[in-house]
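For reference, the structure is listed below as structure tokens.
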Amino acid sequence: MMRTSSIRSQDDPLSLAIRPPPEESDTDRHIRLQHEAEARRISEQIDEELRFEREKLKKSKSDVKLLLLGQAESGKSTLQKQFQLMYSPASLESERMSWRTVVYFNVVRSIKKILTTLEAWDDIDDGSDSQSTLERQELGDYLPPRASSSATPSIHSSQIGVALSPPSPTSPTSPTASSPIRGSTAISDLRRRLLPLTNTEPQLADRLSGGVSVSGSGKGEVYVRSGWQARTIQKGQKLLRRQPKPSSPVDELTIERPGTALSVIDADPLVDDVARMLEQSREDIRTLWENQVVRALMTSRKLKLDEWSEFFLNDISRISARNYVPSTDDILHARIQTMGVAEHIFDVDIHGKTVTWHLFDVGGARGQRHSWVPYFDDANAIIFVSPISAFDQYLEEDPRTNRIDDSLQLFTQICSNQLLKRVHLVLFLNKTDILRKKLERGLSVSKYILSYGDRPNEYESVVQYFRAHFLQVHRRNNENRRVLYTHLTNVVDTKATQSIIGNVRDSIFRGYLQSAALV
């Protein structure tokens, strides 16, 4: 009969349970000791993992989590590049060659859009002395309306009075001279010669996106997932540094050496083919870009290119060079839309204290905004980016919605969200450089923003008008009397943007310390 232990018993029940049997052989004992050693190793590993997780959790509580929010094409990803350039320049340098694919894609897409628009206008000059079709029409007739364009757009709520659909552009004066493209350099010949180049657009798009599309994000857009740079390089690009090792600290800070620092060996065949075609088509591209009809279409806004198109096409000689390496300015201007949420981690020195910042760059298209919510819970700060130059633009996803109105509605949702009531809030009214250019060209704000009325069509007046509307949204949803830090920005301007980032960094950290009751 088994003896039962009592509280007065000197026998340890656990010791009795694990005591080896008296008849244990040497082989059994060896196996038992091996099992015990393995169990001890697993137990110690679990303890170590738990200790690591505790330390990680403790450290993460001192990290700063910063969200970049705003609609698509507002400049969030460019702002993220500026953070990267300021706090992790080596990582941007390691990605430099992957941006060559994006720049080529931007250039090819711009060329294709120009040719498609010219084809839609039936601008084919046969080399005769008569005026071209566009000149005979004096650029005054519009493109044939689409079947759905005759329908009256439905009325929808608006933060500010906006035109509910893009107004028809005013017909400009026809060119004073006939198109300079004649004979062998006719636009039809250019279209034919550039066809192999423009045919690479879907291949470049697929290379960048991995064949992934985003629903509800407009037509024809290309989206990339987090880590696309490494995947692009892995497609066949191998980098070789030819520069000698820097001999001084000053040289080490110079991260941009376009055309000399890097070269490509055993390169991606697709990108190599596009580079070769660009080099061969350099003069044709320049001729097309400088053509008088193209310029007239741009002036009359019948040809609407993306904001970065002019930057790249004006410098096509450099970009089409055989050993082209993207400069930092090229990377800042290159356009590719973000899909989902990309996290970037930086160690930021703030007055002698190193703090880890987690910067989350989110996709801003309507179909992706639902992915923001899981990041609201523990966010410390938000930079909301709004492109105030977009007063004459409408959403790709909904051509009846003005982009300024959409940005105000989105800002209202952020300000009123209960999860974000204590989050440090910064507002970037972005793309001020493009706003200036539009106003200098005589583009009327009141034509698109009806509530602007007869206010002066001048930069200061326009900026104050839009800023007042954003401030009003904040006041209406500011029960906690949170301060809104507002900045007028042009995030492709590195010097000005990094100065603003320094100010934002300090204000965010002060707010973070106050919320943690440390000051």
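Residues are named by chain letter and number: chains run A, B, ... in the order of the structure tokens, numbers start at 1 in each chain, and ligands are numbered from 1 in the order shown.
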
Stretch 289-327 of chain A residues near stretch 68-91 of chain A within 12 Å, closest pair each, using only C-alpha atoms, as a tab-separated table:
residue	atom	partner	partner_atom	distance
A:Asp306	CA	A:Glu73	CA	10.1
A:Glu307	CA	A:Glu73	CA	9.8
A:Trp308	CA	A:Glu73	CA	11.1

Dump of N, CA and C atoms for the selected residues, as a PDB file, in the first residue's frame:
ATOM      1  N   ASP A 306       1.603  64.405 -64.749  1.00  0.00           N
ATOM      2  CA  ASP A 306       1.850  64.338 -63.311  1.00  0.00           C
ATOM      3  C   ASP A 306       2.875  65.388 -62.913  1.00  0.00           C
ATOM      4  N   GLU A 307       2.880  65.722 -61.637  1.00  0.00           N
ATOM      5  CA  GLU A 307       3.701  66.829 -61.165  1.00  0.00           C
ATOM      6  C   GLU A 307       5.186  66.591 -61.366  1.00  0.00           C
ATOM      7  N   TRP A 308       5.618  65.329 -61.370  1.00  0.00           N
ATOM      8  CA  TRP A 308       7.033  65.027 -61.507  1.00  0.00           C
ATOM      9  C   TRP A 308       7.478  64.924 -62.958  1.00  0.00           C
TER      10      TRP A 308
END

Shell of 6 Å around stretch 381-398 of chain A, only C-alpha atoms, local chain residues under 2 positions omitted, as a short mmCIF file (atom, residue, chain, number, x, y, z; two decimals) with N, CA and C atoms, in the first residue's frame:
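The result, stored in part-v9.cif:
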data_model
loop_
_atom_site.label_atom_id
_atom_site.label_comp_id
_atom_site.auth_asym_id
_atom_site.auth_seq_id
_atom_site.Cartn_x
_atom_site.Cartn_y
_atom_site.Cartn_z
N LEU A 66 5.09 57.43 -34.88
CA LEU A 66 4.64 58.57 -35.69
C LEU A 66 3.94 58.06 -36.95
N LEU A 67 2.71 58.52 -37.18
CA LEU A 67 1.94 58.15 -38.37
C LEU A 67 1.98 59.29 -39.37
N LEU A 68 2.22 58.95 -40.65
CA LEU A 68 2.08 59.91 -41.74
C LEU A 68 0.75 59.62 -42.43
N LEU A 69 -0.20 60.54 -42.30
CA LEU A 69 -1.53 60.33 -42.83
C LEU A 69 -1.85 61.40 -43.87
N GLY A 70 -2.77 61.06 -44.77
CA GLY A 70 -3.19 61.98 -45.82
C GLY A 70 -3.62 61.20 -47.04
N SER A 74 -0.23 63.01 -51.68
CA SER A 74 -0.14 64.23 -50.89
C SER A 74 1.30 64.58 -50.54
N SER A 217 -8.96 52.15 -55.99
CA SER A 217 -7.87 53.13 -55.95
C SER A 217 -7.66 53.82 -57.29
N GLY A 218 -8.68 53.87 -58.12
CA GLY A 218 -8.53 54.54 -59.40
C GLY A 218 -7.97 53.59 -60.43
N ALA A 379 -0.38 55.27 -31.05
CA ALA A 379 0.36 56.32 -31.76
C ALA A 379 0.65 57.49 -30.82
N ARG A 400 -15.81 63.22 -59.14
CA ARG A 400 -16.68 64.31 -58.73
C ARG A 400 -16.22 64.97 -57.44
N THR A 401 -15.22 64.39 -56.77
CA THR A 401 -14.77 64.90 -55.48
C THR A 401 -13.47 65.67 -55.64
N ASN A 402 -13.52 66.96 -55.29
CA ASN A 402 -12.33 67.79 -55.31
C ASN A 402 -11.35 67.31 -54.25
N ARG A 403 -10.05 67.32 -54.56
CA ARG A 403 -9.06 66.77 -53.65
C ARG A 403 -8.92 67.60 -52.37
N ILE A 404 -9.11 68.91 -52.46
CA ILE A 404 -9.07 69.73 -51.25
C ILE A 404 -10.22 69.36 -50.33
N VAL A 423 -3.31 62.45 -29.15
CA VAL A 423 -2.13 62.31 -30.01
C VAL A 423 -1.64 63.69 -30.44
N HIS A 424 -0.33 63.86 -30.44
CA HIS A 424 0.28 65.11 -30.91
C HIS A 424 -0.02 65.26 -32.40
N LEU A 425 -0.53 66.41 -32.81
CA LEU A 425 -1.02 66.59 -34.18
C LEU A 425 -0.26 67.70 -34.90
N VAL A 426 0.27 67.35 -36.07
CA VAL A 426 1.01 68.30 -36.91
C VAL A 426 0.37 68.30 -38.29
N LEU A 427 0.18 69.49 -38.85
CA LEU A 427 -0.43 69.63 -40.18
C LEU A 427 0.59 70.21 -41.15
N PHE A 428 0.83 69.48 -42.24
CA PHE A 428 1.68 69.97 -43.32
C PHE A 428 0.77 70.38 -44.49
N LEU A 429 0.70 71.67 -44.77
CA LEU A 429 0.03 72.14 -45.99
C LEU A 429 1.09 72.12 -47.07
N ASN A 430 1.07 71.09 -47.88
CA ASN A 430 2.20 70.74 -48.74
C ASN A 430 2.03 71.21 -50.19
N LYS A 431 3.12 71.11 -50.91
CA LYS A 431 3.21 71.44 -52.34
C LYS A 431 2.96 72.93 -52.59
N ILE A 434 4.20 74.13 -56.06
CA ILE A 434 3.30 73.88 -57.19
C ILE A 434 2.13 74.86 -57.15
N LEU A 435 1.66 75.19 -55.94
CA LEU A 435 0.59 76.19 -55.82
C LEU A 435 1.05 77.53 -56.40
N TYR A 448 -12.60 76.58 -59.28
CA TYR A 448 -12.73 75.22 -58.76
C TYR A 448 -13.27 75.20 -57.33
#

Item to complete: Skip A:Asp349 itself and residues of its chain fewer than 2 positions away, then list as a ChimeraX atom specification all residues within 12 Å of it, counting only C-alpha atoms.
Response: /A:86-88,346-347,351-357,502,505-506,509

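The protein and nucleic acid residues lying at most 12 Å from A:Ser281 are A:Val108, A:Ile111, A:Leu190, A:Arg191, A:Arg192, A:Arg193, A:Leu194, A:Leu195, A:Pro196, A:Leu197, A:Thr198, A:Val274, A:Ala275, A:Arg276, A:Met277, A:Leu278, A:Glu279, A:Glu283, A:Asp284, A:Ile285, A:Arg286, A:Thr287, A:Leu288, A:Ile316, A:Ser317, A:Ile319, A:Ser320, A:Ala321, with only C-alpha atoms considered and sequence neighbours fewer than 2 positions away removed.
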
Take the selection from the previous step and output its residues with C-alpha atoms, as a short mmCIF file (atom, residue, chain, number, x, y, z; two decimals), in the first residue's frame.
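See part16.cif below for the written result:
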data_model
loop_
_atom_site.label_atom_id
_atom_site.label_comp_id
_atom_site.auth_asym_id
_atom_site.auth_seq_id
_atom_site.Cartn_x
_atom_site.Cartn_y
_atom_site.Cartn_z
CA VAL A 108 7.97 56.17 -69.92
CA ILE A 111 5.88 59.98 -72.77
CA LEU A 190 7.91 59.96 -83.30
CA ARG A 191 5.05 57.80 -82.08
CA ARG A 192 6.27 54.93 -84.22
CA ARG A 193 9.90 55.27 -83.12
CA LEU A 194 8.99 55.60 -79.46
CA LEU A 195 6.55 52.66 -79.55
CA PRO A 196 9.09 50.05 -78.31
CA LEU A 197 9.88 52.32 -75.36
CA THR A 198 6.26 53.05 -74.41
CA VAL A 274 14.76 50.46 -71.08
CA ALA A 275 18.04 52.30 -70.39
CA ARG A 276 19.31 51.42 -73.86
CA MET A 277 16.07 52.55 -75.51
CA LEU A 278 16.08 55.81 -73.57
CA GLU A 279 19.62 56.50 -74.70
CA GLU A 283 16.62 63.27 -79.21
CA ASP A 284 13.13 62.02 -80.11
CA ILE A 285 11.99 62.50 -76.49
CA ARG A 286 13.47 65.99 -76.36
CA THR A 287 11.84 66.88 -79.69
CA LEU A 288 8.46 65.64 -78.48
CA ILE A 316 16.16 63.76 -70.09
CA SER A 317 19.78 64.03 -71.31
CA ILE A 319 18.48 60.48 -67.12
CA SER A 320 18.99 58.74 -70.48
CA ALA A 321 22.78 58.54 -70.04
#

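Across the model, the gap from atom CA of A:Gly161 to atom CA of A:Lys421 is 27.8 Å.
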
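Here atom CA of A:Asp272 is placed at a distance of 26.3 Å from atom CA of A:Ile187.
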
Discussion item. Could you list, as a list in words, every residue within 12 Å of A:Arg441, counting only C-alpha atoms and ignoring same-chain residues fewer than 6 positions away?
Written reply: Met298, Thr299, Ser300, Arg301, Ile434, Leu435, Asn457, Glu458 and Tyr459 of chain A
